[in-house]
Amino acid sequence: MSRHTDTVANAETTPELEQPYSELGLKTDEYFRIREILGRRPTSAELAMYSVMWSEHCSYKSSKVHLRQFGDKKPETEALLVGIGENAGVVDIGEGWAVTFKVESHNHPSYIEPYQGAATGIGGIVRDILSMGARPVAVMDPLRFGAADHPDTRRVLPGIVAGISGYGNCLGLPNIGGEIVFDASYQGNPLVNALCVGTMRHEDIHLASAKGVGNLVILYGAKTGGDGIGGVSVLASETFAEGGPTKRPAVQVGDPFMEKLLIECTLEVLRAGLVEGIQDLGGAGISCATSELASNGEGGMHVRLDQVPLRDASLTPEEILMSESQERMCAIVTPEKVDAFLAICRKWDVTADVIGEVTATGRLVIEWHGEIIVDVPPRTVAHDGPVYERPFARPSWQDSLQADGPERLARPSTAAEIRDTVLTLVGSPNLASKTWVTSQYDRYVLGNTVLAQPEDAGVIRVDEKTGLGVALATDCNGRFAKLDPYNGAKLALAEAYRNVATAGAAPLAVTNCLNFGSPEDPDVMWQFSEAVRGLADGCLELGTPVTGGNVSFYNQTGSTPINPTPVVGVLGVIQDVARRTPMAFRASDDVVLVLGESRDEFAGGEWAHVIHGHLGGLPPVVDLGRERSLGELLVAASVGSLITAAHDVSDAGIVQTLVEMALRAGVGALVRIPEGVDPFVFLLSESTARAVVTVPTSTLGAFESLAGDHGVPVTRIGIVGAAGDDLIVESVYGASATWTLTELRTTADATLPALFA
Amino acid sequence: MSVTMRIGVVTFPGSLDDRDAARAIRIAGGEAIELWHGDADLHGVDAVVLPGGFSYGDYLRCGAIARFAPVMGPLVAAANGGLPVLGICNGFQVLCESHLLPGALVRNTDLHFICRDQRLRIENAHTLWTSSYAEGQEIVVPLKNGEGSYVADESTLDMLESEGRVVARYIGVNPNGSRRDIAGVANARGNVVGIMPHPEHAVEALTGPTTDGLGFFTSLLKGLVEA
């Protein structure tokens with residue numbers, strides 16, 4: 001070899017060698033802490049490992065002190081089988097079934113290289129679910145983009161959608177929901193979050209730990225290449241600077257076909273009982289997998305790095321340790337089961353090699369062609385990274401933002417103005433039909449999709465015999481979170497919780513993806529701390545524990561951060577998916593009811609955003625007690641077969657909810673504004689804890705009585721189909737507002753294709 | 001007295017809708033038998049379904065590598081001997097690459113993968129896979145593909161039309177640019193059918209847009225019992 005290898009022995013004799021720690025993203029004090037841990041300077045390989053594992057993305061060094069609240073405020077629950085800290089949390093859904101789910105960000109790679117960034121975002125979260133022992137059964141994508149008509153959105157969005165489509169479809173996982181939101185604050189920092197859910201029997205749960213001295217470490221899946229080197233430290237932990245050098249080599253390249261083989265191969269070795277511990281390779285690649293497995297297990301591991309199969313033979317050991325090549329897994333296998341393990345890998349044409357063994361030394365030792373290049377206590381790499389108490393302070397502008405409410409904005413005051421306002425909203429990018437995007441995703445594969453977008457929640461059948469299933473929804477209004485991060489996070493939780501209950505499922509557990517600007521900015525850190533506090537308080541109040549999640553910082557361009565965007569995913573259980581409640585009007589003559597109370601609340605809502613480009617004031621009041629009552633009512637009504645359709649009220653209020661229910665069904669409705677209520681407020685306010693349901697006259701009495709028992713206010717507002725193919729609202733400032741379904745559909749359908757097709 | 005029909009479903013590396021095809025066979029009343037791409041043996045099945053997916057990652061060309069899988073040797077011979085074979089989506093592509101069916105499937109005209117509930121008209125209700133339908137019957141089943149545009153030269157298309165070998169046609173919308181709106185074709189003998197949309201995803205009211213797809217599987221079972 002022409003290149004000099006920096007061995008441990010070499011490091012001991014050359015303590016003064018200058019090392020490029022700052023280029024690798026380490027701060028000076030972090031570098032000296034590594035020297036202190038090791039009692040010498042790190043080798044270049046050790047420096048590579050620490051730099052990626054101590055990156056913000058892997059170590060959660062800025063967020064850790066806040067995230068503890070999710071554990072400290074954890075509600076009493078027996079549903080949680082595996083909590084925060086593993087690859088993904090696991091919850092018990094009954095009948096011996098367990099579900100694991102998690103949402104993660106792949107924001108920065110997707111901005112640089114939209115297709116591969118989004119594709120490998122799916123790949124990464126799927127491996128997280130797989131490494132818990134579960135079969136992945138569905139994915140969802142919460143997405144945020146800059147202004148819909150900005151030229152860069154046209155560059156980024158089609159690529160991201162094609163990446164999700166190209167990778168997810170080829171894996172054979174139905175895409176059942178998510179969000180697509182446009183806001184100028186995401187210009188230059190689109191958010192690509194990916195959620196995966198998997199199912200397994202209780203006895204199939206596996207953990208990432210290297211147990212059993214003498215057991216072997218097997219690396220299997222794709223060969224290691226030069227892609228994604230330093231992805232987490234370089235991309236996810238830094239802010240993009242205008243005019244900086246392109247960082248494309250740090251983006252990983254995905255091969256969904258290999259991932260599909262990896263899924264089937266992994267499930268087969270797990271079910272055959274051949275695996276003691278398992279870990280996927282994602283951010284920080286082999287550095288992460290070996291140090292985490294060792295740290296969680298016996299504490300020691302000996303790895304022969306030269307046994308790692310390479311796509312590019314010229315890679316240095318440092319590059320091999322840092323590479324984020326996709327579609328790789330690491331398993332701990334007892335010696336007598338290695339042959340059986342390798343045979344299953346051969347069956348699936350998956351490359352597999354023994355690269356090391358579990359030891360009792362308490363050290364992670366890595367050798368390279370007979371020389372020791374790493375000798376570290378694995379816990380110091382994987383778990384005992386730096387922890388920062390970043391300074392935070394309520395931003396100086398927060399008070400003036402909250403004082404600038406939407407009350408001063410001009411409101412429509414005639415039926416004709418309401419009609420025009422609604423059409424403008426229906427065709428606005430955030431509310432328009434997302435079919436142009438979602439028709440690129442396979443929602444049918446696996447044959448268990450009971451509900452998918454644009455329904456309130458995705459519903460997946462878990463057990464074909466009993467009908468047991470799960471429902472999932474993700475939500476977040478970043479404008480609410482900007483106005484008030486504490487309540488904004490609670491509002492995101494409330495909406496996702498409501499969406500799951502609307503489908504007829506009982507909410508059970510929570511995952512989150514916390515997308516924020518730079519943690520080094522005290523304003524951002526305040527937003528983050530407030531959002532975490534709000535979400536933790538909210539989860540305690542609703543009795544839904546946080547099972548895991550992800551933090552994405554540095555979503556900002558220059559000194560301008562994105563709107564704080566704590567995306568919340570809620571998982572619910574439905575004992576029999578046959579009784580799920582869809583959103584479409586079902587039958588003519590059903591009675592249309594509004595559940596909950598409507599107040600004058602427009603701050604941060606779609607009307608203020610679309611019509612006035614205004615953001616200010618205080619977001620809608622969130623009352624989780626009312627959300628819980630509403631949720632329990634919706635589930636009980638589903639169990640009792642009392643309602644025919646339900647749809648949550650959120651963006652652009654009740655009128656948008658009615659439009660969506662009508663368009664989904666192809667049937668209109670005749671609706672009347674209740675007496676003594678301002679029509680504009682009733683139709684367009686975004687007050688929380690509300691839903692629209694339709695009820696057959698035969699069960700109307702029973703439903704209203706049930707609503708009374710739950711303390712949920714009910715208002716009869718109209719009749720399905722009573723206006724033929726029109727949606728008519730009467731008593732709008734003394735006149736009627738009429739929309740034909742054709743004009744609503746044309747308006748809703750035209751927007752995205754015009755922008756992106 | 002009835003004997004359960006054994007219908008093989010081939011799993012290639014990258015097959016995705018194999019379990020769905022097996023479920024559809026079970027719902028129709030048959031027994032689904034797993035067949036493995038690397039096993040050159042049909043294990044005495046009464047018929048075979050080549051399922052949807054991305055066999056071998058669709059690398060080179062959709063279906064081009066699967067065609068050379070060991071299982072395809074006995075499968076092609078048996079199909080030429082009259083064994084009923086249904087290729088769905090990627091399975092249709094494999095049948096074309098294997099020359100069991102004429103023509104080819106190329107990239108959708110709008111270049112996007114498309115997943116939608118698709119209206120079809122059954123044009124030939126006399127094949128082993130479509131006899132449960134009435135000629136001219138309209139059905140709705142999911143369509144999901146990136147390379148589903150059926151192409152063949154004009155004389156082949158004319159031959160398919162004149163011999164009644166166009167099994168199903170897209171109506172309402174031609175989603176992918178298929179010549180003459182063709183969604184599915186049969187071989188001359190009518191035992192081998194390729195269809196781009198997914199009847200196996202329309203067999204349960206709970207999970208499909210309709211149950212219109214079930215007819216493909218009940219047709220076969222009815223035909224086998226009568227044979």
# chains A, B, ... in the order shown; residues from 1 in each chain; ligands from 1
>>> interface_residues(of="chain A", to="chain B", cutoff="9 Å", atoms="only C-alpha atoms", output="ChimeraX atom specification")
/A:162,165-166,169-173,255-258,260-261,347-349,438-451,461,577-578,757
>>> select_by_dssp(residues="range 263-504 of chain A", states="alpha helix (DSSP H)", output="PyMOL selection string")
chain A and resi 263-271+285-296+317-322+338-347+378-382+398-403+415-426+435-438+478-483+485-502
>>> residues_around(residues="Pro391 in chain A", least_positions_apart="5", cutoff="8 Å", atoms="only C-alpha atoms", output="PyMOL selection string")
chain A and resi 520+522+525
>>> write_last_selection(atoms="N, CA and C atoms", output="PDB file, in the first residue's frame")
ATOM      1  N   GLU A 520     -27.552  26.848  17.611  1.00  0.00           N
ATOM      2  CA  GLU A 520     -26.611  27.847  18.120  1.00  0.00           C
ATOM      3  C   GLU A 520     -27.258  29.229  18.183  1.00  0.00           C
ATOM      4  N   PRO A 522     -30.035  31.360  19.936  1.00  0.00           N
ATOM      5  CA  PRO A 522     -30.881  31.254  21.138  1.00  0.00           C
ATOM      6  C   PRO A 522     -32.375  31.351  20.837  1.00  0.00           C
ATOM      7  N   MET A 525     -33.318  27.913  19.717  1.00  0.00           N
ATOM      8  CA  MET A 525     -33.250  26.980  20.844  1.00  0.00           C
ATOM      9  C   MET A 525     -34.444  27.172  21.779  1.00  0.00           C
TER      10      MET A 525
END
>>> residues_around(residues="Gly604 in chain A", least_positions_apart="2", cutoff="8 Å", atoms="only C-alpha atoms", output="number ranges by chain")
A: 479-480, 483, 602, 606, 608-609, 614-619
>>> closest_residue(among="B:Leu35, B:Val193, B:Ala28, B:Val9", to="Thr211 in chain B", atoms="only C-alpha atoms")
B:Ala28
>>> residues_around(residues="Trp129 in chain B", least_positions_apart="2", cutoff="12 Å", atoms="only C-alpha atoms", output="VMD selection string")
chain B and resid 47 to 49 83 to 88 122 124 to 127 131 to 133 167 to 168 184 to 187 190 to 195 199 213 to 224
>>> select_by_dssp(residues="range 4-241 of chain A", states="strand (DSSP E)", output="JSON, numbers by chain")
{"A": [80, 81, 82, 89, 90, 91, 92, 93, 94, 97, 98, 99, 100, 101, 102, 103, 104, 105, 135, 136, 137, 138, 139, 140, 141, 142, 143, 144, 145, 175, 176, 177, 178, 179, 180, 181, 182, 191, 192, 193, 194, 195, 196, 197, 198, 199, 200, 201, 216, 217, 218, 219, 220, 221]}
>>> write_last_selection(atoms="C-alpha atoms", output="PDB file, in the first residue's frame")
ATOM      1  CA  LEU A  80     -45.040   0.430  25.398  1.00  0.00           C
ATOM      2  CA  LEU A  81     -42.924  -2.702  24.838  1.00  0.00           C
ATOM      3  CA  VAL A  82     -39.726  -0.898  23.801  1.00  0.00           C
ATOM      4  CA  GLY A  89     -40.197   2.237  19.814  1.00  0.00           C
ATOM      5  CA  VAL A  90     -42.504  -0.766  19.931  1.00  0.00           C
ATOM      6  CA  VAL A  91     -46.114  -0.766  21.124  1.00  0.00           C
ATOM      7  CA  ASP A  92     -48.501  -3.571  21.955  1.00  0.00           C
ATOM      8  CA  ILE A  93     -51.684  -3.456  19.872  1.00  0.00           C
ATOM      9  CA  GLY A  94     -53.209  -6.618  21.300  1.00  0.00           C
ATOM     10  CA  TRP A  97     -49.223  -8.209  17.769  1.00  0.00           C
ATOM     11  CA  ALA A  98     -46.677  -5.438  18.204  1.00  0.00           C
ATOM     12  CA  VAL A  99     -46.147  -2.401  16.037  1.00  0.00           C
ATOM     13  CA  THR A 100     -43.057  -0.284  15.607  1.00  0.00           C
ATOM     14  CA  PHE A 101     -43.114   3.089  13.904  1.00  0.00           C
ATOM     15  CA  LYS A 102     -40.885   6.104  13.588  1.00  0.00           C
ATOM     16  CA  VAL A 103     -40.462   9.257  11.564  1.00  0.00           C
ATOM     17  CA  GLU A 104     -37.073  10.642  10.528  1.00  0.00           C
ATOM     18  CA  SER A 105     -35.782  13.569   8.556  1.00  0.00           C
ATOM     19  CA  ARG A 135     -41.941  -6.449   8.660  1.00  0.00           C
ATOM     20  CA  PRO A 136     -42.308  -2.917   7.267  1.00  0.00           C
ATOM     21  CA  VAL A 137     -45.921  -2.539   6.087  1.00  0.00           C
ATOM     22  CA  ALA A 138     -46.370   1.096   5.079  1.00  0.00           C
ATOM     23  CA  VAL A 139     -44.671   4.473   4.687  1.00  0.00           C
ATOM     24  CA  MET A 140     -45.813   8.092   4.911  1.00  0.00           C
ATOM     25  CA  ASP A 141     -44.130  11.327   3.903  1.00  0.00           C
ATOM     26  CA  PRO A 142     -44.586  14.649   5.641  1.00  0.00           C
ATOM     27  CA  LEU A 143     -43.057  17.163   3.196  1.00  0.00           C
ATOM     28  CA  ARG A 144     -42.508  20.931   3.366  1.00  0.00           C
ATOM     29  CA  PHE A 145     -41.496  23.111   0.438  1.00  0.00           C
ATOM     30  CA  ASN A 175     -47.524   4.956   0.817  1.00  0.00           C
ATOM     31  CA  ILE A 176     -50.621   5.748   2.844  1.00  0.00           C
ATOM     32  CA  GLY A 177     -50.367   9.425   3.732  1.00  0.00           C
ATOM     33  CA  GLY A 178     -48.295  12.353   4.818  1.00  0.00           C
ATOM     34  CA  GLU A 179     -48.425  16.038   4.133  1.00  0.00           C
ATOM     35  CA  ILE A 180     -47.421  18.474   1.431  1.00  0.00           C
ATOM     36  CA  VAL A 181     -47.159  22.033   2.707  1.00  0.00           C
ATOM     37  CA  PHE A 182     -45.798  25.122   0.963  1.00  0.00           C
ATOM     38  CA  LEU A 191     -38.288  19.202   4.795  1.00  0.00           C
ATOM     39  CA  VAL A 192     -38.383  15.579   3.767  1.00  0.00           C
ATOM     40  CA  ASN A 193     -39.578  13.489   6.692  1.00  0.00           C
ATOM     41  CA  ALA A 194     -40.271   9.798   6.223  1.00  0.00           C
ATOM     42  CA  LEU A 195     -42.325   7.557   8.461  1.00  0.00           C
ATOM     43  CA  CYS A 196     -42.367   3.782   8.387  1.00  0.00           C
ATOM     44  CA  VAL A 197     -44.551   1.375  10.341  1.00  0.00           C
ATOM     45  CA  GLY A 198     -43.872  -2.320  10.802  1.00  0.00           C
ATOM     46  CA  THR A 199     -45.644  -5.227  12.431  1.00  0.00           C
ATOM     47  CA  MET A 200     -44.474  -8.333  14.260  1.00  0.00           C
ATOM     48  CA  ARG A 201     -45.498 -10.844  16.866  1.00  0.00           C
ATOM     49  CA  LEU A 216     -19.550 -13.184  15.295  1.00  0.00           C
ATOM     50  CA  VAL A 217     -20.255  -9.856  13.663  1.00  0.00           C
ATOM     51  CA  ILE A 218     -21.689 -10.208  10.161  1.00  0.00           C
ATOM     52  CA  LEU A 219     -21.993  -7.296   7.755  1.00  0.00           C
ATOM     53  CA  TYR A 220     -24.505  -8.023   5.003  1.00  0.00           C
ATOM     54  CA  GLY A 221     -26.254  -6.229   2.185  1.00  0.00           C
TER      55      GLY A 221
END
>>> atom_distance(atom1="CA of Leu305 in chain A", atom2="CA of Leu321 in chain A")
8.3 Å
>>> atom_distance(atom1="CA of Val712 in chain A", atom2="CA of Gly569 in chain A")
24.5 Å
>>> residues_around(residues="Leu514 in chain A", least_positions_apart="4", cutoff="10 Å", atoms="only C-alpha atoms", output="ChimeraX atom specification")
/A:63,103-105,193,489,528,531-532,549-553,564-568
>>> residues_around(residues="Pro70 in chain B", least_positions_apart="4", cutoff="10 Å", atoms="only C-alpha atoms", output="MDAnalysis selection string")
chainID B and resid 36:41 66 74:75
>>> decode(residues="range 561-657 of chain A", atoms="C-alpha atoms", output="PDB file, in the first residue's frame")
ATOM      1  CA  PRO A 561     -34.479  29.644  10.150  1.00  0.00           C
ATOM      2  CA  ILE A 562     -37.542  27.752   8.932  1.00  0.00           C
ATOM      3  CA  ASN A 563     -40.771  28.022  10.819  1.00  0.00           C
ATOM      4  CA  PRO A 564     -40.366  25.638  13.743  1.00  0.00           C
ATOM      5  CA  THR A 565     -41.903  22.403  12.490  1.00  0.00           C
ATOM      6  CA  PRO A 566     -42.429  19.702  15.107  1.00  0.00           C
ATOM      7  CA  VAL A 567     -44.091  17.053  12.951  1.00  0.00           C
ATOM      8  CA  VAL A 568     -46.110  14.710  15.135  1.00  0.00           C
ATOM      9  CA  GLY A 569     -47.135  11.219  14.114  1.00  0.00           C
ATOM     10  CA  VAL A 570     -49.871   9.448  16.048  1.00  0.00           C
ATOM     11  CA  LEU A 571     -50.548   5.725  15.869  1.00  0.00           C
ATOM     12  CA  GLY A 572     -53.947   4.332  16.786  1.00  0.00           C
ATOM     13  CA  VAL A 573     -55.470   0.875  17.041  1.00  0.00           C
ATOM     14  CA  ILE A 574     -58.708  -0.284  15.472  1.00  0.00           C
ATOM     15  CA  GLN A 575     -59.940  -3.732  16.499  1.00  0.00           C
ATOM     16  CA  ASP A 576     -61.734  -4.333  13.222  1.00  0.00           C
ATOM     17  CA  VAL A 577     -60.740  -2.301  10.188  1.00  0.00           C
ATOM     18  CA  ALA A 578     -64.093  -3.101   8.571  1.00  0.00           C
ATOM     19  CA  ARG A 579     -65.644  -0.413  10.781  1.00  0.00           C
ATOM     20  CA  ARG A 580     -63.189   2.374   9.816  1.00  0.00           C
ATOM     21  CA  THR A 581     -64.829   5.723   9.153  1.00  0.00           C
ATOM     22  CA  PRO A 582     -63.986   7.203   5.744  1.00  0.00           C
ATOM     23  CA  MET A 583     -64.213  10.913   4.932  1.00  0.00           C
ATOM     24  CA  ALA A 584     -66.549  10.803   1.907  1.00  0.00           C
ATOM     25  CA  PHE A 585     -70.238  11.574   2.179  1.00  0.00           C
ATOM     26  CA  ARG A 586     -71.850   8.155   1.824  1.00  0.00           C
ATOM     27  CA  ALA A 587     -75.587   8.382   1.392  1.00  0.00           C
ATOM     28  CA  SER A 588     -78.061  11.065   0.425  1.00  0.00           C
ATOM     29  CA  ASP A 589     -80.342  12.216   3.220  1.00  0.00           C
ATOM     30  CA  ASP A 590     -77.696  11.592   5.881  1.00  0.00           C
ATOM     31  CA  VAL A 591     -77.608  14.477   8.340  1.00  0.00           C
ATOM     32  CA  VAL A 592     -74.471  16.644   8.443  1.00  0.00           C
ATOM     33  CA  LEU A 593     -73.327  17.529  11.958  1.00  0.00           C
ATOM     34  CA  VAL A 594     -70.560  19.707  13.295  1.00  0.00           C
ATOM     35  CA  LEU A 595     -68.942  18.450  16.496  1.00  0.00           C
ATOM     36  CA  GLY A 596     -67.246  20.986  18.764  1.00  0.00           C
ATOM     37  CA  GLU A 597     -67.335  24.744  19.092  1.00  0.00           C
ATOM     38  CA  SER A 598     -66.319  27.358  16.539  1.00  0.00           C
ATOM     39  CA  ARG A 599     -64.661  30.533  17.790  1.00  0.00           C
ATOM     40  CA  ASP A 600     -63.164  33.528  16.011  1.00  0.00           C
ATOM     41  CA  GLU A 601     -59.668  32.053  15.462  1.00  0.00           C
ATOM     42  CA  PHE A 602     -57.732  32.935  12.324  1.00  0.00           C
ATOM     43  CA  ALA A 603     -54.131  33.557  13.383  1.00  0.00           C
ATOM     44  CA  GLY A 604     -51.732  31.249  11.550  1.00  0.00           C
ATOM     45  CA  GLY A 605     -54.605  29.780   9.537  1.00  0.00           C
ATOM     46  CA  GLU A 606     -54.930  29.277   5.799  1.00  0.00           C
ATOM     47  CA  TRP A 607     -57.280  32.220   5.236  1.00  0.00           C
ATOM     48  CA  ALA A 608     -54.838  34.742   6.720  1.00  0.00           C
ATOM     49  CA  HIS A 609     -51.944  33.048   4.895  1.00  0.00           C
ATOM     50  CA  VAL A 610     -53.496  32.733   1.435  1.00  0.00           C
ATOM     51  CA  ILE A 611     -55.724  35.796   1.233  1.00  0.00           C
ATOM     52  CA  HIS A 612     -53.590  38.262   3.159  1.00  0.00           C
ATOM     53  CA  GLY A 613     -50.111  36.762   3.356  1.00  0.00           C
ATOM     54  CA  HIS A 614     -50.354  37.519   7.059  1.00  0.00           C
ATOM     55  CA  LEU A 615     -48.785  35.733   9.989  1.00  0.00           C
ATOM     56  CA  GLY A 616     -49.340  37.128  13.472  1.00  0.00           C
ATOM     57  CA  GLY A 617     -51.393  36.793  16.629  1.00  0.00           C
ATOM     58  CA  LEU A 618     -51.982  33.777  18.808  1.00  0.00           C
ATOM     59  CA  PRO A 619     -52.861  30.388  17.314  1.00  0.00           C
ATOM     60  CA  PRO A 620     -56.195  28.689  18.049  1.00  0.00           C
ATOM     61  CA  VAL A 621     -56.683  27.655  21.652  1.00  0.00           C
ATOM     62  CA  VAL A 622     -55.782  24.019  22.174  1.00  0.00           C
ATOM     63  CA  ASP A 623     -57.817  22.095  24.723  1.00  0.00           C
ATOM     64  CA  LEU A 624     -56.632  18.505  24.888  1.00  0.00           C
ATOM     65  CA  GLY A 625     -59.439  17.531  27.241  1.00  0.00           C
ATOM     66  CA  ARG A 626     -61.894  18.430  24.506  1.00  0.00           C
ATOM     67  CA  GLU A 627     -59.758  16.651  21.912  1.00  0.00           C
ATOM     68  CA  ARG A 628     -59.861  13.551  24.036  1.00  0.00           C
ATOM     69  CA  SER A 629     -63.656  13.727  24.430  1.00  0.00           C
ATOM     70  CA  LEU A 630     -64.087  14.251  20.698  1.00  0.00           C
ATOM     71  CA  GLY A 631     -61.725  11.353  19.940  1.00  0.00           C
ATOM     72  CA  GLU A 632     -63.524   9.013  22.304  1.00  0.00           C
ATOM     73  CA  LEU A 633     -66.854   9.985  20.771  1.00  0.00           C
ATOM     74  CA  LEU A 634     -65.607   9.331  17.224  1.00  0.00           C
ATOM     75  CA  VAL A 635     -64.256   5.908  18.192  1.00  0.00           C
ATOM     76  CA  ALA A 636     -67.436   4.985  20.088  1.00  0.00           C
ATOM     77  CA  ALA A 637     -69.566   6.093  17.140  1.00  0.00           C
ATOM     78  CA  SER A 638     -67.490   3.879  14.849  1.00  0.00           C
ATOM     79  CA  VAL A 639     -67.822   0.916  17.218  1.00  0.00           C
ATOM     80  CA  GLY A 640     -71.578   1.468  17.395  1.00  0.00           C
ATOM     81  CA  SER A 641     -71.941   1.941  13.616  1.00  0.00           C
ATOM     82  CA  LEU A 642     -73.688   5.243  14.242  1.00  0.00           C
ATOM     83  CA  ILE A 643     -71.947   7.427  11.628  1.00  0.00           C
ATOM     84  CA  THR A 644     -71.344   7.057   7.902  1.00  0.00           C
ATOM     85  CA  ALA A 645     -68.510   9.528   7.400  1.00  0.00           C
ATOM     86  CA  ALA A 646     -66.228  11.777   9.434  1.00  0.00           C
ATOM     87  CA  HIS A 647     -63.625  14.358   8.540  1.00  0.00           C
ATOM     88  CA  ASP A 648     -61.554  16.548  10.799  1.00  0.00           C
ATOM     89  CA  VAL A 649     -61.829  20.329  10.715  1.00  0.00           C
ATOM     90  CA  SER A 650     -58.473  22.060  10.426  1.00  0.00           C
ATOM     91  CA  ASP A 651     -56.980  24.072   7.537  1.00  0.00           C
ATOM     92  CA  ALA A 652     -59.510  26.641   6.245  1.00  0.00           C
ATOM     93  CA  GLY A 653     -62.218  25.445   8.568  1.00  0.00           C
ATOM     94  CA  ILE A 654     -65.584  23.764   8.165  1.00  0.00           C
ATOM     95  CA  VAL A 655     -66.176  24.854   4.585  1.00  0.00           C
ATOM     96  CA  GLN A 656     -62.968  23.191   3.396  1.00  0.00           C
ATOM     97  CA  THR A 657     -63.937  20.047   5.326  1.00  0.00           C
TER      98      THR A 657
END
